[in-house]
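Student: model_11.tsv is reproduced below (TSV, C-alpha atoms).
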chain	number	residue	atom	x	y	z
K	18	MET	CA	-16.34	-19.67	-30.73
K	19	ASP	CA	-18.05	-17.19	-28.47
K	20	LYS	CA	-19.30	-14.24	-30.49
K	21	ASN	CA	-20.02	-12.06	-27.47
K	22	THR	CA	-17.76	-9.05	-27.63
K	23	GLU	CA	-19.28	-7.06	-24.80
K	24	ALA	CA	-17.40	-6.09	-21.68
K	25	ALA	CA	-19.89	-7.81	-19.36
K	26	PRO	CA	-19.58	-11.48	-18.43
K	27	THR	CA	-21.62	-13.78	-20.61
K	28	ARG	CA	-25.08	-14.77	-19.39
K	29	LYS	CA	-24.22	-18.46	-19.40
K	30	PRO	CA	-23.35	-19.89	-15.99
K	31	PRO	CA	-19.61	-19.36	-15.51
K	32	THR	CA	-17.39	-22.40	-15.72
K	33	PRO	CA	-13.75	-22.89	-14.73
K	34	ARG	CA	-11.47	-21.92	-17.61
K	35	ASN	CA	-7.79	-21.06	-18.13
K	36	GLY	CA	-7.07	-22.45	-14.68
K	37	VAL	CA	-9.37	-19.78	-13.24
K	38	ASP	CA	-12.14	-20.94	-10.89
K	39	THR	CA	-14.61	-18.59	-12.54
K	40	PRO	CA	-17.60	-19.45	-10.29
K	41	ALA	CA	-15.46	-18.75	-7.20
K	42	LEU	CA	-14.23	-15.50	-8.76
K	43	PHE	CA	-17.79	-14.35	-9.42
K	44	ALA	CA	-18.81	-15.40	-5.90
K	45	THR	CA	-15.91	-13.39	-4.46
K	46	ILE	CA	-16.91	-10.30	-6.43
K	47	GLY	CA	-20.48	-10.76	-5.23
K	48	ALA	CA	-19.39	-11.09	-1.61
K	49	VAL	CA	-17.26	-7.94	-1.81
K	50	ALA	CA	-20.11	-6.04	-3.48
K	51	GLY	CA	-22.26	-6.83	-0.44
K	52	GLN	CA	-19.54	-6.09	2.12
K	53	PRO	CA	-17.18	-3.40	0.77
K	54	GLU	CA	-14.94	-3.52	3.87
K	55	LEU	CA	-13.76	-6.96	2.67
K	56	ALA	CA	-12.00	-5.14	-0.20
K	57	LYS	CA	-9.55	-3.29	2.05
K	58	PHE	CA	-6.16	-4.99	1.75
K	59	ARG	CA	-2.74	-4.16	3.17
K	60	PHE	CA	0.23	-5.82	1.49
K	61	ARG	CA	3.73	-5.71	2.96
K	62	ALA	CA	7.34	-6.61	2.35
K	63	THR	CA	10.14	-6.65	4.91
K	64	ASN	CA	13.65	-5.99	3.65
K	65	ARG	CA	17.09	-6.52	5.15
K	66	TRP	CA	20.32	-5.03	3.83
K	67	ILE	CA	22.98	-7.67	3.19
K	68	ARG	CA	26.08	-6.02	1.70
K	69	GLY	CA	26.78	-3.28	-0.82
K	70	THR	CA	23.67	-2.71	-2.90
K	71	HIS	CA	22.37	-6.23	-2.16
K	72	SER	CA	19.27	-6.67	-0.01
K	73	ARG	CA	16.55	-9.27	0.43
K	74	SER	CA	12.80	-8.88	0.88
K	75	LYS	CA	10.27	-11.31	2.30
K	76	MET	CA	6.57	-11.30	1.61
K	77	GLU	CA	5.08	-13.43	4.36
K	78	SER	CA	1.54	-12.28	5.03
K	79	PHE	CA	-1.02	-9.65	4.19
K	80	LEU	CA	-4.22	-8.22	5.62
K	81	GLY	CA	-7.47	-8.41	3.69
K	82	ALA	CA	-10.95	-9.89	3.36
K	83	GLY	CA	-11.37	-9.21	7.07
K	84	GLY	CA	-8.28	-11.05	8.30
K	85	GLU	CA	-4.57	-11.82	8.11
K	86	HIS	CA	-3.42	-14.34	5.49
K	87	ALA	CA	-0.08	-16.15	5.29
K	88	HIS	CA	1.37	-16.90	1.87
K	89	ALA	CA	1.60	-20.60	1.00
K	90	GLY	CA	5.29	-20.43	0.02
K	91	ASP	CA	8.53	-18.99	1.36
K	92	PHE	CA	8.66	-15.86	-0.78
K	93	GLN	CA	12.09	-14.20	-0.56
K	94	TYR	CA	13.66	-12.06	-3.27
K	95	ASP	CA	17.08	-10.49	-3.68
K	96	GLY	CA	17.66	-7.11	-5.25
K	97	ASP	CA	21.02	-5.68	-6.27
K	98	HIS	CA	22.75	-3.43	-8.77
K	99	PRO	CA	24.63	-5.01	-11.68
K	100	ALA	CA	28.42	-4.98	-12.03
K	101	VAL	CA	28.32	-2.13	-14.55
K	102	LEU	CA	26.74	-0.04	-11.77
K	103	CYS	CA	29.26	-1.26	-9.16
K	104	GLY	CA	26.92	-3.85	-7.65
K	105	ALA	CA	27.40	-7.61	-7.22
K	106	ASP	CA	24.44	-8.64	-9.43
K	107	GLN	CA	23.05	-10.91	-6.71
K	108	GLY	CA	19.54	-10.19	-8.00
K	109	PRO	CA	17.73	-8.06	-10.55
K	110	THR	CA	17.71	-4.32	-10.09
K	111	PRO	CA	14.76	-2.83	-8.22
K	112	VAL	CA	13.49	-1.21	-11.42
K	113	GLU	CA	13.36	-4.61	-13.17
K	114	PHE	CA	11.04	-5.87	-10.42
K	115	VAL	CA	8.73	-2.98	-11.35
K	116	LEU	CA	8.57	-4.41	-14.91
K	117	HIS	CA	7.81	-7.90	-13.56
K	118	ALA	CA	5.08	-6.42	-11.38
K	119	LEU	CA	3.44	-4.79	-14.40
K	120	ALA	CA	3.71	-7.89	-16.62
K	121	SER	CA	2.36	-10.27	-13.97
K	122	CYS	CA	-0.47	-7.91	-13.02
K	123	LEU	CA	-1.69	-7.46	-16.58
K	124	THR	CA	-1.33	-11.17	-17.31
K	125	ALA	CA	-3.30	-12.25	-14.22
K	126	GLY	CA	-6.06	-9.86	-15.23
K	127	ILE	CA	-6.07	-11.20	-18.78
K	128	ALA	CA	-6.59	-14.76	-17.54
K	129	ASN	CA	-9.40	-13.75	-15.17
K	130	ILE	CA	-11.20	-11.57	-17.71
K	131	ALA	CA	-10.88	-14.18	-20.47
K	132	ALA	CA	-12.39	-16.79	-18.14
K	133	ALA	CA	-15.23	-14.44	-17.20
K	134	ARG	CA	-15.95	-13.88	-20.91
K	135	GLY	CA	-15.83	-17.55	-21.81
K	136	VAL	CA	-12.60	-17.30	-23.79
K	137	THR	CA	-10.04	-20.10	-23.58
K	138	LEU	CA	-6.47	-18.84	-23.85
K	139	THR	CA	-3.59	-20.84	-25.27
K	140	GLU	CA	-0.76	-18.33	-25.00
K	141	VAL	CA	-0.02	-15.01	-23.33
K	142	GLU	CA	3.51	-13.66	-23.53
K	143	SER	CA	4.81	-10.18	-22.95
K	144	THR	CA	7.96	-8.14	-22.97
K	145	VAL	CA	8.07	-5.04	-20.81
K	146	GLU	CA	10.84	-2.49	-21.30
K	147	GLY	CA	11.62	0.65	-19.36
K	148	ASP	CA	13.87	3.52	-20.44
K	149	ILE	CA	15.81	5.31	-17.74
K	150	ASP	CA	18.54	7.95	-17.79
K	151	LEU	CA	20.77	7.20	-14.83
K	152	ARG	CA	22.10	10.75	-14.58
K	153	GLY	CA	19.15	11.25	-12.22
K	154	ILE	CA	20.05	8.62	-9.63
K	155	LEU	CA	23.78	9.31	-10.03
K	156	GLY	CA	23.14	12.90	-8.98
K	157	LEU	CA	24.49	14.30	-12.27
K	158	SER	CA	21.34	16.06	-13.45
K	159	ASN	CA	18.25	17.65	-12.00
K	160	GLU	CA	16.74	17.83	-15.50
K	161	VAL	CA	16.17	14.11	-16.00
K	162	ARG	CA	13.92	12.25	-13.58
K	163	ASN	CA	15.24	9.49	-11.32
K	164	GLY	CA	12.77	6.88	-12.57
K	165	TYR	CA	11.62	5.51	-15.89
K	166	GLU	CA	10.99	8.08	-18.61
K	167	ARG	CA	8.64	5.59	-20.29
K	168	ILE	CA	7.62	1.92	-20.22
K	169	ARG	CA	6.48	-0.19	-23.17
K	170	ALA	CA	4.63	-3.49	-22.79
K	171	SER	CA	4.23	-5.71	-25.82
K	172	PHE	CA	1.73	-8.60	-25.60
K	173	ARG	CA	1.30	-11.68	-27.75
K	174	ILE	CA	-2.03	-13.40	-27.07
K	175	ARG	CA	-3.69	-16.46	-28.62
K	176	GLY	CA	-7.01	-18.14	-27.80
K	177	ASP	CA	-10.36	-19.31	-29.16
K	178	ALA	CA	-11.71	-15.83	-29.87
K	179	PRO	CA	-11.20	-13.36	-32.73
K	180	PRO	CA	-8.17	-11.07	-32.47
K	181	ALA	CA	-10.37	-8.07	-31.71
K	182	LYS	CA	-11.90	-9.82	-28.71
K	183	LEU	CA	-8.51	-10.93	-27.44
K	184	ALA	CA	-7.30	-7.33	-27.74
K	185	GLU	CA	-10.36	-6.16	-25.78
K	186	ILE	CA	-9.45	-8.53	-22.97
K	187	ILE	CA	-6.01	-6.95	-22.73
K	188	GLU	CA	-7.57	-3.48	-22.77
K	189	GLN	CA	-9.95	-4.41	-19.95
K	190	SER	CA	-7.05	-5.84	-17.95
K	191	ARG	CA	-5.17	-2.56	-18.39
K	192	ALA	CA	-8.23	-0.59	-17.33
K	193	ARG	CA	-8.41	-2.56	-14.04
K	194	SER	CA	-4.73	-3.22	-13.40
K	195	ALA	CA	-3.42	-2.22	-9.97
K	196	VAL	CA	0.19	-1.94	-11.13
K	197	PHE	CA	-0.67	-0.02	-14.31
K	198	ASP	CA	-2.52	2.46	-12.10
K	199	ILE	CA	0.37	2.67	-9.62
K	200	LEU	CA	2.82	3.50	-12.41
K	201	THR	CA	0.67	5.91	-14.38
K	202	GLY	CA	-0.82	7.68	-11.37
K	203	LYS	CA	0.83	9.11	-8.30
K	204	VAL	CA	1.00	7.14	-5.08
K	205	PRO	CA	1.65	9.00	-1.82
K	206	VAL	CA	4.72	7.38	-0.22
K	207	GLU	CA	5.64	8.17	3.37
K	208	ILE	CA	9.00	7.21	4.88
K	209	GLU	CA	9.57	6.85	8.64
K	210	VAL	CA	13.07	6.56	10.07
K	211	ASP	CA	14.36	4.94	13.26
K	212	ALA	CA	18.04	5.96	13.40
K	213	ALA	CA	20.22	5.46	16.49
U	27	MET	CA	33.03	8.88	14.33
U	28	ASP	CA	32.83	11.10	11.28
U	29	LYS	CA	31.47	14.49	12.27
U	30	ASN	CA	30.83	15.64	8.73
U	31	THR	CA	27.10	16.18	8.30
U	32	GLU	CA	27.16	17.75	4.87
U	33	ALA	CA	25.49	16.22	1.86
U	34	ALA	CA	28.64	16.20	-0.25
U	35	PRO	CA	31.15	13.34	-0.17
U	36	THR	CA	34.01	13.89	2.23
U	37	ARG	CA	37.23	15.29	0.83
U	38	LYS	CA	39.24	12.26	1.96
U	39	PRO	CA	40.02	9.76	-0.80
U	40	PRO	CA	37.09	7.34	-0.99
U	41	THR	CA	37.67	3.84	0.33
U	42	PRO	CA	35.59	0.69	-0.04
U	43	ARG	CA	32.98	0.50	2.71
U	44	ASN	CA	29.74	-1.38	3.41
U	45	GLY	CA	30.62	-3.77	0.59
U	46	VAL	CA	30.52	-0.81	-1.80
U	47	ASP	CA	33.55	-0.27	-4.04
U	48	THR	CA	33.43	3.46	-3.43
U	49	PRO	CA	36.39	4.38	-5.69
U	50	ALA	CA	34.77	2.44	-8.56
U	51	LEU	CA	31.43	4.14	-7.84
U	52	PHE	CA	33.04	7.59	-7.98
U	53	ALA	CA	34.92	6.63	-11.17
U	54	THR	CA	31.64	5.48	-12.74
U	55	ILE	CA	29.92	8.75	-11.84
U	56	GLY	CA	32.89	10.65	-13.30
U	57	ALA	CA	32.80	8.63	-16.52
U	58	VAL	CA	29.06	9.24	-16.97
U	59	ALA	CA	29.53	12.95	-16.25
U	60	GLY	CA	31.93	13.09	-19.18
U	61	GLN	CA	29.82	10.93	-21.51
U	62	PRO	CA	26.13	11.40	-20.68
U	63	GLU	CA	25.02	8.87	-23.33
U	64	LEU	CA	26.46	6.14	-21.07
U	65	ALA	CA	23.60	6.90	-18.65
U	66	LYS	CA	20.86	5.75	-21.02
U	67	PHE	CA	19.64	2.33	-19.84
U	68	ARG	CA	16.84	0.07	-21.01
U	69	PHE	CA	15.73	-2.63	-18.59
U	70	ARG	CA	13.38	-5.44	-19.60
U	71	ALA	CA	11.41	-8.40	-18.32
U	72	THR	CA	9.80	-11.13	-20.42
U	73	ASN	CA	6.73	-12.81	-18.98
U	74	ARG	CA	4.88	-16.01	-19.85
U	75	TRP	CA	1.42	-16.93	-18.63
U	76	ILE	CA	1.35	-20.35	-16.95
U	77	ARG	CA	-2.17	-21.04	-15.63
U	78	GLY	CA	-4.90	-19.04	-13.93
U	79	THR	CA	-3.38	-15.88	-12.46
U	80	HIS	CA	0.09	-17.47	-12.32
U	81	SER	CA	2.83	-16.18	-14.63
U	82	ARG	CA	6.63	-16.08	-14.64
U	83	SER	CA	9.02	-13.31	-15.64
U	84	LYS	CA	12.67	-13.51	-16.61
U	85	MET	CA	15.18	-10.69	-16.40
U	86	GLU	CA	18.06	-11.81	-18.59
U	87	SER	CA	19.80	-8.76	-19.97
U	88	PHE	CA	19.63	-5.01	-20.23
U	89	LEU	CA	21.03	-2.24	-22.37
U	90	GLY	CA	23.20	0.48	-20.89
U	91	ALA	CA	26.64	2.05	-20.57
U	92	GLY	CA	26.92	1.75	-24.34
U	93	GLY	CA	26.18	-1.97	-24.63
U	94	GLU	CA	24.11	-5.02	-23.77
U	95	HIS	CA	24.75	-6.75	-20.44
U	96	ALA	CA	23.67	-10.21	-19.32
U	97	HIS	CA	22.79	-10.78	-15.68
U	98	ALA	CA	25.13	-13.09	-13.79
U	99	GLY	CA	22.32	-15.31	-12.47
U	100	ASP	CA	19.18	-17.01	-13.74
U	101	PHE	CA	16.64	-14.47	-12.57
U	102	GLN	CA	13.09	-15.87	-12.84
U	103	TYR	CA	10.17	-14.82	-10.69
U	104	ASP	CA	6.63	-16.09	-10.33
U	105	GLY	CA	3.64	-13.86	-9.72
U	106	ASP	CA	0.15	-15.00	-8.75
U	107	HIS	CA	-2.94	-14.05	-6.80
U	108	PRO	CA	-3.49	-15.58	-3.35
U	109	ALA	CA	-6.21	-18.12	-2.57
U	110	VAL	CA	-8.45	-15.49	-0.99
U	111	LEU	CA	-8.49	-13.82	-4.43
U	112	CYS	CA	-9.08	-17.11	-6.25
U	113	GLY	CA	-5.42	-17.60	-7.23
U	114	ALA	CA	-3.06	-20.49	-6.52
U	115	ASP	CA	-0.52	-18.44	-4.49
U	116	GLN	CA	2.38	-19.71	-6.61
U	117	GLY	CA	4.17	-16.41	-6.01
U	118	PRO	CA	3.62	-13.03	-4.39
U	119	THR	CA	1.05	-10.71	-5.88
U	120	PRO	CA	2.28	-8.19	-8.45
U	121	VAL	CA	1.65	-5.34	-6.01
U	122	GLU	CA	3.92	-6.97	-3.41
U	123	PHE	CA	6.76	-6.92	-5.94
U	124	VAL	CA	6.24	-3.15	-6.13
U	125	LEU	CA	6.93	-2.97	-2.39
U	126	HIS	CA	10.08	-5.10	-2.76
U	127	ALA	CA	11.21	-2.82	-5.59
U	128	LEU	CA	10.85	0.25	-3.37
U	129	ALA	CA	12.58	-1.33	-0.36
U	130	SER	CA	15.51	-2.69	-2.37
U	131	CYS	CA	15.95	0.58	-4.28
U	132	LEU	CA	16.04	2.75	-1.17
U	133	THR	CA	18.33	0.28	0.63
U	134	ALA	CA	20.84	0.09	-2.26
U	135	GLY	CA	20.95	3.87	-2.31
U	136	ILE	CA	21.48	4.01	1.45
U	137	ALA	CA	24.52	1.70	1.21
U	138	ASN	CA	26.05	3.68	-1.66
U	139	ILE	CA	25.47	7.08	-0.08
U	140	ALA	CA	26.76	5.94	3.32
U	141	ALA	CA	29.93	4.63	1.65
U	142	ALA	CA	30.36	7.90	-0.24
U	143	ARG	CA	30.02	9.83	3.03
U	144	GLY	CA	32.45	7.62	4.94
U	145	VAL	CA	29.76	6.06	7.14
U	146	THR	CA	29.97	2.37	8.03
U	147	LEU	CA	26.55	0.78	8.38
U	148	THR	CA	25.78	-2.17	10.65
U	149	GLU	CA	22.05	-2.61	10.01
U	150	VAL	CA	19.39	-1.44	7.59
U	151	GLU	CA	15.95	-3.00	7.83
U	152	SER	CA	12.67	-1.82	6.44
U	153	THR	CA	9.02	-2.69	6.27
U	154	VAL	CA	7.02	-1.37	3.36
U	155	GLU	CA	3.23	-1.52	3.43
U	156	GLY	CA	0.69	-0.57	0.80
U	157	ASP	CA	-3.03	0.02	1.27
U	158	ILE	CA	-5.33	-0.93	-1.56
U	159	ASP	CA	-9.09	-1.13	-1.93
U	160	LEU	CA	-9.77	-4.04	-4.27
U	161	ARG	CA	-13.16	-2.72	-5.34
U	162	GLY	CA	-11.18	-1.00	-8.11
U	163	ILE	CA	-9.65	-4.06	-9.70
U	164	LEU	CA	-12.79	-6.12	-9.07
U	165	GLY	CA	-14.75	-3.62	-11.16
U	166	LEU	CA	-17.06	-2.74	-8.26
U	167	SER	CA	-16.25	0.95	-8.01
U	168	ASN	CA	-15.05	3.76	-10.21
U	169	GLU	CA	-14.53	5.92	-7.12
U	170	VAL	CA	-11.57	4.04	-5.67
U	171	ARG	CA	-8.41	3.73	-7.70
U	172	ASN	CA	-7.09	0.37	-8.91
U	173	GLY	CA	-3.67	0.75	-7.30
U	174	TYR	CA	-2.31	1.63	-3.89
U	175	GLU	CA	-3.99	4.50	-2.09
U	176	ARG	CA	-0.81	5.01	-0.07
U	177	ILE	CA	2.48	3.33	0.77
U	178	ARG	CA	4.43	3.59	4.04
U	179	ALA	CA	8.08	2.62	4.38
U	180	SER	CA	9.58	2.31	7.84
U	181	PHE	CA	13.38	2.13	8.15
U	182	ARG	CA	15.60	1.05	11.02
U	183	ILE	CA	19.22	2.08	10.46
U	184	ARG	CA	22.37	1.69	12.57
U	185	GLY	CA	25.96	2.70	11.86
U	186	ASP	CA	28.97	4.70	13.10
U	187	ALA	CA	27.38	8.10	12.63
U	188	PRO	CA	24.94	10.17	14.71
U	189	PRO	CA	21.24	9.44	14.19
U	190	ALA	CA	20.75	12.74	12.33
U	191	LYS	CA	23.43	11.83	9.80
U	192	LEU	CA	21.97	8.36	9.31
U	193	ALA	CA	18.56	9.94	8.74
U	194	GLU	CA	20.11	12.31	6.16
U	195	ILE	CA	21.48	9.32	4.26
U	196	ILE	CA	17.97	7.86	4.01
U	197	GLU	CA	16.62	11.22	2.89
U	198	GLN	CA	19.28	11.50	0.17
U	199	SER	CA	18.50	7.95	-0.98
U	200	ARG	CA	14.81	8.90	-1.26
U	201	ALA	CA	15.70	12.04	-3.19
U	202	ARG	CA	17.61	9.96	-5.79
U	203	SER	CA	15.57	6.75	-5.77
U	204	ALA	CA	14.36	5.50	-9.14
U	205	VAL	CA	11.49	3.47	-7.69
U	206	PHE	CA	10.37	6.24	-5.30
U	207	ASP	CA	10.18	8.52	-8.33
U	208	ILE	CA	8.31	5.92	-10.40
U	209	LEU	CA	5.67	5.52	-7.68
U	210	THR	CA	5.24	9.16	-6.75
U	211	GLY	CA	5.40	10.52	-10.30
U	212	LYS	CA	3.61	9.43	-13.43
U	213	VAL	CA	5.28	7.11	-15.92
U	214	PRO	CA	3.89	6.95	-19.46
U	215	VAL	CA	3.08	3.29	-20.16
U	216	GLU	CA	2.33	2.12	-23.69
U	217	ILE	CA	0.82	-1.30	-24.45
U	218	GLU	CA	1.13	-3.00	-27.84
U	219	VAL	CA	-0.94	-6.05	-28.72
U	220	ASP	CA	-0.31	-8.92	-31.12
U	221	ALA	CA	-3.58	-10.88	-31.12
U	222	ALA	CA	-4.34	-13.58	-33.67
Can you dump the structure from the file as structure tokens?
Tutor:
Amino acid sequence: MDKNTEAAPTRKPPTPRNGVDTPALFATIGAVAGQPELAKFRFRATNRWIRGTHSRSKMESFLGAGGEHAHAGDFQYDGDHPAVLCGADQGPTPVEFVLHALASCLTAGIANIAAARGVTLTEVESTVEGDIDLRGILGLSNEVRNGYERIRASFRIRGDAPPAKLAEIIEQSRARSAVFDILTGKVPVEIEVDAA
Amino acid sequence: MDKNTEAAPTRKPPTPRNGVDTPALFATIGAVAGQPELAKFRFRATNRWIRGTHSRSKMESFLGAGGEHAHAGDFQYDGDHPAVLCGADQGPTPVEFVLHALASCLTAGIANIAAARGVTLTEVESTVEGDIDLRGILGLSNEVRNGYERIRASFRIRGDAPPAKLAEIIEQSRARSAVFDILTGKVPVEIEVDAA
């Protein structure tokens, strides 16, 4: 078992672990360090209204690392409101996709960081819950906010390192998580309208 | 064409429109107005790490309107990093799901609000883009944030109302959007760890 509990990668040459190509990951970080403009990414989703509160988004391509990249798969996702909110439940609610975004972001970071630190993981599971008072979106109150009042993520992690080191990996993932930052900080959002 | 350009619902009895059961929507809002505890919802996603940066979330049920509700479908979603970021591209990136969440939230609101205002929609399409500098998540800079620096949503909307009224519907959807509020405000996020 690796006794290194520092934040930095171990000094040993990195090896693939947890399904992470650790040498390629380190090479990527090195390349971006030398050419910071490679780090500028633009992600996008296109959405089309279908009926009622049901719509569908596609994520086809994104800009980054100096070029345009197409996703390997056909990524299309439905969003809807549930029956109790007068929707057709043709997909999760938009706010549930926010919880998936947080869980998958933290989990991807955990796998990468564990690999970089020489830790082999056997299990990472999480439950993410968000509390929301719908009087905001229903227009019944200006006192409660429209979005989540709070979010709780609960992680179960197992691997070949002491519990404290596994917990540090989760903490480092949180500290570098894009979605955690998006939720806990403020993102400027601009909306343009073409109405005719 | 409806000439009413006010924010309030028209005085005429609401009728189903745009696939929205407008009378049921108004009845729901009325019920919640009388019993505010019905508005308290708790949404959740459970996530399991698969391999590398690939994980999968399920959204099975949620708490709200005084009880637990199961979704009608089997809602499971993969998240991953793309090849250019050393992932296997088994799903969109977590940050792309944030864009889908925003697009689907605003679009659901647009359909509901248009129905409430007696406007029949024929088309709602949007593109949502987010700019991110990955030096944050790669640990190469403490100057750039981990998440999106900015997000732009561009809407194309058509229906049986003047462009100004259609634009007002989008503005009202933004003003009551849960996901817009989550992104532009700060949500407290707590992380619990079970490591062994």
Student: Between atom CA of U:Asp157 and atom CA of U:Ile177, what distance in Å does the model show, to one decimal?
Tutor: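 Going from atom CA of U:Asp157 over to atom CA of U:Ile177 covers 6.4 Å.
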Student: Smallest atom-to-atom distance to K:Arg169: which of U:Glu86, U:Glu218, U:Glu63, U:Asp106, using all atoms listed in the file?
Tutor: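 Using all atoms listed in the file, the shortest distance to K:Arg169 belongs to U:Glu218.
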Student: Could you state the separation of atom CA of U:Glu169 and atom CA of K:Ala82 in Å, given to one decimal place?
Tutor: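 Separation between atom CA of U:Glu169 and atom CA of K:Ala82: 19.3 Å.
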Student: Write out as a PyMOL selection string each polymer residue whose atoms come within 7 Å of K:Ala128, counting all atoms listed in the file; drop sequence neighbours fewer than 3 positions from it.
Tutor: (chain K and resi 35+124-125+131-132) or (chain U and resi 78-79)
Student: Counting all atoms listed in the file, which of U:Gly90, U:Gly135, U:Gly173, U:Pro42 gets nearest to chain K?
Tutor: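 Closest to chain K, using all atoms listed in the file: U:Gly173.
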